[in-house]
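Heads up, the thing below is written out as C-alpha cells.
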Amino acid sequence: MASRDALMAARGLTDGKGHLLSADGPLADLQRRCGGQIPGLIAVPELLDLVRQAAAMKLGLAREFCAYDGDQRVSGFVRINPRTDEELSDAAYEVLIENWIREAYDVDEGVQAQLSDSIDRATAEFTARLDTQQRVQAFSAGSEDVCGLAAAIRAHPGQAWTQYVALEGVAHRQPLHWRLLDSVQCSVPGSHRTWNARLLPLGGGSANPSGFELLLVAQQPRHPVIEDDTLDGAWRPSLIGEALTPALREPITRIIGNAETIRGKLAGPVRQEYSEYAGDIAAAGQHLLSLLDDLADLEAVEADDFRVDRDHVQLGEVARRAASMLSQRAQEKSITVTVPDQNAKAVAYGEFRRILQIIINLLGNAISYSPEGSSIVLELTRDTQGRVCLSVADEGPGLDSDKQDRIFNKFERLGREDEGGSGLGLYISRKLAHAMGGELLVESEEGQGARFTLALTVAD
C-alpha cells in the first residue's frame, strides 16, 4: 500500500486569468513543487484548467481532482467558487480542495494508458529520443510543419527539447520533472498549429528512466493542399496521404479516446451495456484508423517517386522496440515474445521507421494468429547471400504452399472474414523491403507455425 497523508481541505485564491494570489500550506507547497510561485500563474495544469473553465463560464465548479508533483500524487474534490467581496476589484475565485490526499505511488500504465500512448505514437508528426536530462539525442520529423524544429536541432544539437519549442501557459522553472512536462502544450517554430508534447519513459521504470521518447502531436489537422489543375504534368499532392489522412486522423482518434473513456468508466459510472457499446465504438475506430494508415501507405509505396532513406539501422533495437510497443497485446493472450540480446549486433542499410513498420506488422500478425500461451521468437541471422536478417517465428496454424504464394498479394486475407485488417499489411511490407534493397520471405508448413524474415544489405 502506498503511504498516504490526508487533510480535510486546502484553500487558495486566484484571479480570473489563473494566477494564484494566495494559498495555505498544502496548496502553496504543491504550487512550488510544480515549479510555480505565489503570486504567479498556477503551475498545476489540472487545477489551472479548472480555474480557467470557471472563469470562462463565470460559474462555480465542483469536480474530482488529481494532480502529480513529480514524486507524489495529490487527489481530492475541488470546489471553485466566484468571490464577490467588495475589497476585490477584479474577478476572483476561491479554490477549496476537500479530502486532500497526498500519497507516494508507482505509476501503473494500465490498458488505458498504453492505448493513449499508442494513439499518440500513431499521430505524432515529430518523435525524438531523449537522454535522462531530456536532451535530444536523435529525432524523426514526419511533416513540413516540424521542419523548422528539425533545423533548429541540427543548428544547436544536444540541448534539452524545451529549448527548441515554446511551452504555453507554463510558468515553471526549468528543468522540470518529466511528469510535469508530459502532455504540456507548446508551439513549434514555423508551425501555426498548437502541439501536445508527450514524454514516455524508457527503461529503468518510470521512477528512474534511462531516457525518454518525445512525441509531438498536433491539436489541429494539417490543411490539405488544394490541387491546382493549371499545373499540367507537374507535381500534385496525394489524395489520401496528404489530404484525407490529416483531416480524418484527429476526429477518429478523438472518437477512440472518448469511447475508451466511457468504456473504462473514467468519467463516471455507466451501465455495463453502454460500456460494451463504447468498447465496440473504440474497436471500430481503431480499425478505421488502421485502414486509413494502410491506404496512405499503399498510395505512397505505389508512387513512381517513392524512396526510403539509406541509414545504418541496428535491427536488434528495432526488434526490441516493436516487442515493447506490442507487449500489452501479447500479454492479453499470455504469449511470450523473445527478442535478441542487447549485445547482438546486426546493422543493415534501410530506414528505421520503415523497418520498424514492417516488424510491427509481422509481430502483430503473429500475435493475432498464435494460440494463447504460445511463444514468438524474434531472431537475428545471416542468410546464404550474406544479408543480415530479422525473423519473426510463431507457433500459429501455419500456411500451406498455396497460401504462401498468395499472402503477399494486395487485399489478400486468405478468406478470413472474422478478423480485422485490410489485407494490405504484408503487401506494403514487401514493397518497403524491396524499396530498401531487401526482401521479405516466408517459411511455413500447415499446422507448424510460420517464420517471416526481413533480409537487408549489411551496412559497412
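In the C-alpha cells, each chain is lettered A, B, ... as it comes, each chain's residues begin at 1, and ligands are numbered from 1 in order of appearance.
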Taking 5 positions as the minimum chain separation for residues in the same chain, which residues sit within 9 Å of range 369-374 of chain A when counting only C-alpha atoms? Answer as an mmCIF file with all heavy atoms, in the first residue's frame.
```cif
data_model
loop_
_atom_site.group_PDB
_atom_site.id
_atom_site.type_symbol
_atom_site.label_atom_id
_atom_site.label_comp_id
_atom_site.auth_asym_id
_atom_site.auth_seq_id
_atom_site.Cartn_x
_atom_site.Cartn_y
_atom_site.Cartn_z
ATOM 1 N N ALA A 330 0.411 -8.972 -26.506
ATOM 2 C CA ALA A 330 0.941 -10.312 -26.250
ATOM 3 C C ALA A 330 0.535 -10.794 -24.862
ATOM 4 O O ALA A 330 0.156 -11.961 -24.679
ATOM 5 C CB ALA A 330 2.458 -10.301 -26.401
ATOM 6 N N GLU A 332 -2.089 -10.054 -23.169
ATOM 7 C CA GLU A 332 -3.519 -10.381 -23.113
ATOM 8 C C GLU A 332 -3.782 -11.826 -23.537
ATOM 9 O O GLU A 332 -4.788 -12.415 -23.150
ATOM 10 C CB GLU A 332 -4.305 -9.417 -23.996
ATOM 11 C CG GLU A 332 -4.378 -7.999 -23.429
ATOM 12 C CD GLU A 332 -5.002 -7.025 -24.407
ATOM 13 O OE1 GLU A 332 -5.296 -7.444 -25.555
ATOM 14 O OE2 GLU A 332 -5.199 -5.856 -24.037
ATOM 15 N N LYS A 333 -2.884 -12.420 -24.352
ATOM 16 C CA LYS A 333 -3.024 -13.805 -24.777
ATOM 17 C C LYS A 333 -1.977 -14.709 -24.122
ATOM 18 O O LYS A 333 -1.821 -15.866 -24.528
ATOM 19 C CB LYS A 333 -2.911 -13.902 -26.299
ATOM 20 C CG LYS A 333 -4.022 -13.179 -27.054
ATOM 21 C CD LYS A 333 -3.887 -13.343 -28.559
ATOM 22 C CE LYS A 333 -4.105 -14.761 -29.018
ATOM 23 N NZ LYS A 333 -4.093 -14.896 -30.502
ATOM 24 N N SER A 334 -1.281 -14.180 -23.105
ATOM 25 C CA SER A 334 -0.244 -14.940 -22.390
ATOM 26 C C SER A 334 0.805 -15.487 -23.356
ATOM 27 O O SER A 334 1.303 -16.601 -23.188
ATOM 28 C CB SER A 334 -0.873 -16.081 -21.584
ATOM 29 O OG SER A 334 -1.797 -15.596 -20.639
ATOM 30 N N ILE A 335 1.146 -14.695 -24.360
ATOM 31 C CA ILE A 335 2.152 -15.084 -25.345
ATOM 32 C C ILE A 335 3.512 -14.540 -24.928
ATOM 33 O O ILE A 335 3.643 -13.363 -24.577
ATOM 34 C CB ILE A 335 1.777 -14.556 -26.750
ATOM 35 C CG1 ILE A 335 0.531 -15.285 -27.262
ATOM 36 C CG2 ILE A 335 2.925 -14.730 -27.728
ATOM 37 C CD1 ILE A 335 0.012 -14.743 -28.584
ATOM 38 N N THR A 336 4.513 -15.386 -24.950
ATOM 39 C CA THR A 336 5.878 -14.982 -24.621
ATOM 40 C C THR A 336 6.595 -14.538 -25.893
ATOM 41 O O THR A 336 6.631 -15.279 -26.878
ATOM 42 C CB THR A 336 6.655 -16.146 -23.982
ATOM 43 O OG1 THR A 336 5.980 -16.571 -22.795
ATOM 44 C CG2 THR A 336 8.079 -15.732 -23.636
ATOM 45 N N VAL A 337 7.143 -13.334 -25.876
ATOM 46 C CA VAL A 337 7.884 -12.802 -27.022
ATOM 47 C C VAL A 337 9.358 -12.701 -26.645
ATOM 48 O O VAL A 337 9.716 -11.997 -25.698
ATOM 49 C CB VAL A 337 7.354 -11.420 -27.457
ATOM 50 C CG1 VAL A 337 8.160 -10.881 -28.632
ATOM 51 C CG2 VAL A 337 5.876 -11.506 -27.821
ATOM 52 N N GLY A 364 2.598 -8.186 -35.065
ATOM 53 C CA GLY A 364 1.162 -8.069 -34.807
ATOM 54 C C GLY A 364 0.380 -9.222 -35.401
ATOM 55 O O GLY A 364 -0.531 -9.769 -34.768
ATOM 56 N N ASP A 394 6.457 -17.846 -35.241
ATOM 57 C CA ASP A 394 5.362 -18.086 -34.304
ATOM 58 C C ASP A 394 4.986 -19.560 -34.278
ATOM 59 O O ASP A 394 5.544 -20.376 -35.014
ATOM 60 C CB ASP A 394 4.144 -17.223 -34.669
ATOM 61 C CG ASP A 394 3.569 -17.552 -36.041
ATOM 62 O OD1 ASP A 394 3.327 -18.742 -36.320
ATOM 63 O OD2 ASP A 394 3.339 -16.612 -36.843
ATOM 64 N N GLU A 395 4.029 -19.893 -33.416
ATOM 65 C CA GLU A 395 3.529 -21.260 -33.275
ATOM 66 C C GLU A 395 2.074 -21.329 -33.695
ATOM 67 O O GLU A 395 1.284 -22.093 -33.153
ATOM 68 C CB GLU A 395 3.703 -21.745 -31.834
ATOM 69 C CG GLU A 395 5.161 -21.781 -31.381
ATOM 70 C CD GLU A 395 5.313 -22.162 -29.916
ATOM 71 O OE1 GLU A 395 4.289 -22.136 -29.185
ATOM 72 O OE2 GLU A 395 6.435 -22.488 -29.503
ATOM 73 N N GLY A 396 1.713 -20.508 -34.678
ATOM 74 C CA GLY A 396 0.332 -20.442 -35.144
ATOM 75 C C GLY A 396 -0.044 -21.576 -36.073
ATOM 76 O O GLY A 396 0.668 -22.583 -36.170
ATOM 77 N N PRO A 397 -1.152 -21.415 -36.815
ATOM 78 C CA PRO A 397 -1.669 -22.508 -37.656
ATOM 79 C C PRO A 397 -0.821 -22.794 -38.887
ATOM 80 O O PRO A 397 -0.994 -23.828 -39.524
ATOM 81 C CB PRO A 397 -3.063 -22.009 -38.057
ATOM 82 C CG PRO A 397 -2.972 -20.520 -37.947
ATOM 83 C CD PRO A 397 -2.043 -20.249 -36.806
ATOM 84 N N GLY A 449 3.251 -23.515 -37.641
ATOM 85 C CA GLY A 449 3.677 -22.143 -37.426
ATOM 86 C C GLY A 449 4.257 -21.536 -38.686
ATOM 87 O O GLY A 449 4.318 -22.168 -39.743
#
```
Excluding range 155-160 of chain A and any residue of its chain fewer than 4 positions from it, enumerate the residues within 12 Å of it, using only C-alpha atoms, and give them as a JSON list (two decimals) with N, CA, C and O atoms, in the first residue's frame.
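Output below, filename out-v6.json:
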```json
[["chain", "number", "residue", "atom", "x", "y", "z"],
["A", 128, "ALA", "N", 11.34, 11.91, -30.94],
["A", 128, "ALA", "CA", 12.75, 12.08, -30.59],
["A", 128, "ALA", "C", 13.11, 11.15, -29.44],
["A", 128, "ALA", "O", 12.26, 10.80, -28.61],
["A", 129, "ARG", "N", 14.36, 10.76, -29.39],
["A", 129, "ARG", "CA", 14.92, 10.01, -28.26],
["A", 129, "ARG", "C", 15.69, 10.99, -27.39],
["A", 129, "ARG", "O", 16.57, 11.71, -27.88],
["A", 130, "LEU", "N", 15.34, 11.05, -26.11],
["A", 130, "LEU", "CA", 15.97, 11.95, -25.16],
["A", 130, "LEU", "C", 16.80, 11.17, -24.15],
["A", 130, "LEU", "O", 16.48, 10.02, -23.83],
["A", 131, "ASP", "N", 17.85, 11.81, -23.60],
["A", 131, "ASP", "CA", 18.61, 11.17, -22.53],
["A", 131, "ASP", "C", 17.95, 11.47, -21.20],
["A", 131, "ASP", "O", 16.84, 12.03, -21.14],
["A", 132, "THR", "N", 18.60, 11.12, -20.11],
["A", 132, "THR", "CA", 18.00, 11.30, -18.78],
["A", 132, "THR", "C", 17.79, 12.76, -18.42],
["A", 132, "THR", "O", 16.96, 13.08, -17.56],
["A", 133, "GLN", "N", 18.52, 13.66, -19.07],
["A", 133, "GLN", "CA", 18.37, 15.10, -18.82],
["A", 133, "GLN", "C", 17.43, 15.75, -19.84],
["A", 133, "GLN", "O", 17.39, 16.97, -19.95],
["A", 134, "GLN", "N", 16.72, 14.92, -20.60],
["A", 134, "GLN", "CA", 15.77, 15.36, -21.61],
["A", 134, "GLN", "C", 16.44, 16.10, -22.77],
["A", 134, "GLN", "O", 15.83, 16.93, -23.44],
["A", 135, "ARG", "N", 17.70, 15.79, -23.03],
["A", 135, "ARG", "CA", 18.42, 16.36, -24.17],
["A", 135, "ARG", "C", 18.18, 15.49, -25.40],
["A", 135, "ARG", "O", 18.19, 14.26, -25.31],
["A", 136, "VAL", "N", 18.01, 16.13, -26.55],
["A", 136, "VAL", "CA", 17.68, 15.42, -27.78],
["A", 136, "VAL", "C", 18.92, 14.67, -28.28],
["A", 136, "VAL", "O", 19.98, 15.26, -28.50],
["A", 137, "GLN", "N", 18.76, 13.36, -28.46],
["A", 137, "GLN", "CA", 19.84, 12.52, -28.96],
["A", 137, "GLN", "C", 19.62, 12.16, -30.44],
["A", 137, "GLN", "O", 20.57, 12.06, -31.20],
["A", 138, "ALA", "N", 18.39, 11.92, -30.81],
["A", 138, "ALA", "CA", 18.05, 11.60, -32.20],
["A", 138, "ALA", "C", 16.58, 11.97, -32.39],
["A", 138, "ALA", "O", 15.81, 12.02, -31.43],
["A", 139, "PHE", "N", 16.21, 12.24, -33.65],
["A", 139, "PHE", "CA", 14.82, 12.64, -33.89],
["A", 139, "PHE", "C", 14.39, 12.24, -35.29],
["A", 139, "PHE", "O", 15.22, 11.95, -36.16],
["A", 148, "GLY", "N", 11.07, 23.41, -39.28],
["A", 148, "GLY", "CA", 11.76, 24.46, -38.54],
["A", 148, "GLY", "C", 12.36, 23.94, -37.25],
["A", 148, "GLY", "O", 13.47, 24.32, -36.86],
["A", 149, "LEU", "N", 11.63, 23.07, -36.57],
["A", 149, "LEU", "CA", 12.14, 22.44, -35.36],
["A", 149, "LEU", "C", 13.34, 21.58, -35.67],
["A", 149, "LEU", "O", 14.37, 21.61, -34.95],
["A", 150, "ALA", "N", 13.26, 20.80, -36.73],
["A", 150, "ALA", "CA", 14.38, 19.94, -37.12],
["A", 150, "ALA", "C", 15.62, 20.77, -37.43],
["A", 150, "ALA", "O", 16.75, 20.42, -37.04],
["A", 151, "ALA", "N", 15.41, 21.90, -38.13],
["A", 151, "ALA", "CA", 16.55, 22.76, -38.47],
["A", 151, "ALA", "C", 17.18, 23.36, -37.22],
["A", 151, "ALA", "O", 18.42, 23.47, -37.12],
["A", 164, "TYR", "N", 13.97, 24.15, -27.73],
["A", 164, "TYR", "CA", 13.65, 24.29, -29.15],
["A", 164, "TYR", "C", 12.19, 24.67, -29.39],
["A", 164, "TYR", "O", 11.82, 25.01, -30.51],
["A", 165, "VAL", "N", 11.34, 24.57, -28.38],
["A", 165, "VAL", "CA", 9.92, 24.90, -28.52],
["A", 165, "VAL", "C", 9.55, 25.91, -27.44],
["A", 165, "VAL", "O", 10.32, 26.17, -26.52],
["A", 174, "GLN", "N", 12.80, 25.74, -15.23],
["A", 174, "GLN", "CA", 13.41, 24.58, -15.88],
["A", 174, "GLN", "C", 14.73, 24.26, -15.20],
["A", 174, "GLN", "O", 15.39, 25.14, -14.68],
["A", 175, "PRO", "N", 15.20, 22.98, -15.24],
["A", 175, "PRO", "CA", 14.46, 21.84, -15.81],
["A", 175, "PRO", "C", 13.42, 21.30, -14.84],
["A", 175, "PRO", "O", 13.53, 21.50, -13.63],
["A", 176, "LEU", "N", 12.43, 20.61, -15.38],
["A", 176, "LEU", "CA", 11.34, 20.08, -14.57],
["A", 176, "LEU", "C", 11.33, 18.56, -14.59],
["A", 176, "LEU", "O", 11.85, 17.94, -15.51],
["A", 178, "TRP", "N", 9.95, 15.07, -15.42],
["A", 178, "TRP", "CA", 9.31, 14.73, -16.70],
["A", 178, "TRP", "C", 7.79, 14.65, -16.59],
["A", 178, "TRP", "O", 7.08, 14.97, -17.54],
["A", 212, "PHE", "N", 13.98, 9.03, -22.50],
["A", 212, "PHE", "CA", 12.58, 9.31, -22.79],
["A", 212, "PHE", "C", 12.33, 9.27, -24.30],
["A", 212, "PHE", "O", 13.24, 9.50, -25.10],
["A", 214, "LEU", "N", 10.06, 11.32, -26.89],
["A", 214, "LEU", "CA", 9.28, 12.55, -27.02],
["A", 214, "LEU", "C", 8.39, 12.44, -28.25],
["A", 214, "LEU", "O", 8.85, 12.11, -29.34]]
```
Sel. of strand (DSSP E or B) residues, range 271-440 of chain A, as a VMD selection string: chain A and resid 311 to 314 336 to 338 347 to 350 375 to 382 388 to 393 439 to 440
Enumerate the residues of range 331-416 of chain A with a DSSP assignment of helix (DSSP H, G or I), computed from the backbone, and present them as a ChimeraX atom specification. /A:331-332,352-369,401-406
Take the residues just selected and output them with N, CA and C atoms as an mmCIF file, in the first residue's frame.
```
data_model
loop_
_atom_site.group_PDB
_atom_site.id
_atom_site.type_symbol
_atom_site.label_atom_id
_atom_site.label_comp_id
_atom_site.auth_asym_id
_atom_site.auth_seq_id
_atom_site.Cartn_x
_atom_site.Cartn_y
_atom_site.Cartn_z
ATOM 1 N N GLN A 331 0.589 -9.916 -23.876
ATOM 2 C CA GLN A 331 0.226 -10.298 -22.509
ATOM 3 C C GLN A 331 -1.231 -10.706 -22.398
ATOM 4 N N GLU A 332 -2.089 -10.054 -23.169
ATOM 5 C CA GLU A 332 -3.519 -10.381 -23.113
ATOM 6 C C GLU A 332 -3.782 -11.826 -23.537
ATOM 7 N N PHE A 352 14.932 3.432 -40.481
ATOM 8 C CA PHE A 352 14.491 2.884 -39.199
ATOM 9 C C PHE A 352 12.972 2.822 -39.108
ATOM 10 N N ARG A 353 12.302 3.918 -39.457
ATOM 11 C CA ARG A 353 10.845 3.975 -39.314
ATOM 12 C C ARG A 353 10.162 2.917 -40.168
ATOM 13 N N ARG A 354 10.663 2.685 -41.387
ATOM 14 C CA ARG A 354 10.034 1.723 -42.283
ATOM 15 C C ARG A 354 10.335 0.287 -41.841
ATOM 16 N N ILE A 355 11.548 0.044 -41.359
ATOM 17 C CA ILE A 355 11.859 -1.301 -40.858
ATOM 18 C C ILE A 355 11.005 -1.620 -39.641
ATOM 19 N N LEU A 356 10.858 -0.634 -38.746
ATOM 20 C CA LEU A 356 10.001 -0.829 -37.577
ATOM 21 C C LEU A 356 8.563 -1.104 -38.008
ATOM 22 N N GLN A 357 8.077 -0.412 -39.029
ATOM 23 C CA GLN A 357 6.726 -0.641 -39.540
ATOM 24 C C GLN A 357 6.556 -2.083 -40.002
ATOM 25 N N ILE A 358 7.557 -2.610 -40.705
ATOM 26 C CA ILE A 358 7.485 -3.989 -41.191
ATOM 27 C C ILE A 358 7.433 -4.968 -40.021
ATOM 28 N N ILE A 359 8.331 -4.789 -39.044
ATOM 29 C CA ILE A 359 8.405 -5.745 -37.926
ATOM 30 C C ILE A 359 7.165 -5.674 -37.051
ATOM 31 N N ILE A 360 6.621 -4.479 -36.855
ATOM 32 C CA ILE A 360 5.372 -4.359 -36.084
ATOM 33 C C ILE A 360 4.254 -5.108 -36.791
ATOM 34 N N ASN A 361 4.199 -5.004 -38.110
ATOM 35 C CA ASN A 361 3.181 -5.728 -38.869
ATOM 36 C C ASN A 361 3.357 -7.236 -38.718
ATOM 37 N N LEU A 362 4.590 -7.723 -38.844
ATOM 38 C CA LEU A 362 4.843 -9.161 -38.724
ATOM 39 C C LEU A 362 4.539 -9.660 -37.320
ATOM 40 N N LEU A 363 4.995 -8.904 -36.313
ATOM 41 C CA LEU A 363 4.758 -9.329 -34.935
ATOM 42 C C LEU A 363 3.273 -9.235 -34.580
ATOM 43 N N GLY A 364 2.598 -8.186 -35.065
ATOM 44 C CA GLY A 364 1.162 -8.069 -34.807
ATOM 45 C C GLY A 364 0.380 -9.222 -35.401
ATOM 46 N N ASN A 365 0.746 -9.639 -36.629
ATOM 47 C CA ASN A 365 0.094 -10.797 -37.241
ATOM 48 C C ASN A 365 0.362 -12.063 -36.435
ATOM 49 N N ALA A 366 1.615 -12.216 -35.982
ATOM 50 C CA ALA A 366 1.968 -13.411 -35.211
ATOM 51 C C ALA A 366 1.154 -13.494 -33.925
ATOM 52 N N ILE A 367 0.981 -12.358 -33.259
ATOM 53 C CA ILE A 367 0.194 -12.346 -32.015
ATOM 54 C C ILE A 367 -1.269 -12.667 -32.323
ATOM 55 N N SER A 368 -1.791 -12.093 -33.405
ATOM 56 C CA SER A 368 -3.207 -12.296 -33.736
ATOM 57 C C SER A 368 -3.532 -13.755 -34.015
ATOM 58 N N TYR A 369 -2.628 -14.471 -34.702
ATOM 59 C CA TYR A 369 -2.948 -15.818 -35.166
ATOM 60 C C TYR A 369 -2.272 -16.919 -34.353
ATOM 61 N N SER A 401 1.511 -24.276 -49.083
ATOM 62 C CA SER A 401 2.250 -23.653 -50.186
ATOM 63 C C SER A 401 1.383 -22.689 -50.975
ATOM 64 N N ASP A 402 0.099 -22.999 -51.143
ATOM 65 C CA ASP A 402 -0.784 -22.119 -51.896
ATOM 66 C C ASP A 402 -0.962 -20.781 -51.172
ATOM 67 N N LYS A 403 -1.159 -20.834 -49.856
ATOM 68 C CA LYS A 403 -1.334 -19.604 -49.078
ATOM 69 C C LYS A 403 -0.044 -18.793 -49.040
ATOM 70 N N GLN A 404 1.110 -19.467 -49.017
ATOM 71 C CA GLN A 404 2.377 -18.748 -49.026
ATOM 72 C C GLN A 404 2.551 -17.947 -50.304
ATOM 73 N N ASP A 405 2.040 -18.463 -51.409
ATOM 74 C CA ASP A 405 2.135 -17.746 -52.685
ATOM 75 C C ASP A 405 1.199 -16.538 -52.729
ATOM 76 N N ARG A 406 0.067 -16.629 -52.019
ATOM 77 C CA ARG A 406 -0.948 -15.590 -52.100
ATOM 78 C C ARG A 406 -0.853 -14.519 -51.020
#
```
List as JSON lines every residue of range 252-359 of chain A that is in contact with range 185-205 of chain A, defined as an atom at most 12 Å from one of its atoms (using only C-alpha atoms), together with the nearest atom pair and the distance in Å rounded to one decimal, sorted by chain and then rising number.
```
{"residue": "A:Arg320", "atom": "CA", "partner": "A:Gly203", "partner_atom": "CA", "distance": 11.5}
{"residue": "A:Arg321", "atom": "CA", "partner": "A:Leu202", "partner_atom": "CA", "distance": 10.3}
{"residue": "A:Ser324", "atom": "CA", "partner": "A:Leu202", "partner_atom": "CA", "distance": 10.1}
{"residue": "A:Met325", "atom": "CA", "partner": "A:Leu202", "partner_atom": "CA", "distance": 11.6}
```
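The nearest approach to Arg102 in chain A among the residues A:Leu59, A:Leu180, A:Ala9, A:Val377, with only C-alpha atoms taken into account, belongs to A:Ala9.
Interatomic distance, CA of Glu213 in chain A to CA of Thr127 in chain A: 7.1 Å.
The space separating CA of Met57 in chain A from CA of Gly16 in chain A comes to 10.6 Å.
Of the residues listed (A:Tyr93, A:Gln72, A:Asp460, A:Ala296), A:Ala296 shows the shortest atom-to-atom separation from Gly425 in chain A; distances use only C-alpha atoms.
One finds CA of Gln272 in chain A at 13.5 Å from CA of Glu260 in chain A.
The smallest atom-to-atom distance between Arg179 in chain A and any of A:Cys34, A:Leu61, A:Leu96, A:Ile101, using only C-alpha atoms, is found for A:Cys34.
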For a quick check of understanding, using only C-alpha atoms, which of A:Asp280, A:Asp304, A:Glu94, A:Glu125 has the smallest distance to Leu216 in chain A? A:Glu125
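Of the listed residues A:Ala67, A:Ala28, A:Ala435, A:Val44, the one whose atoms come nearest to Glu302 in chain A is A:Ala435, with distances taken using only C-alpha atoms.
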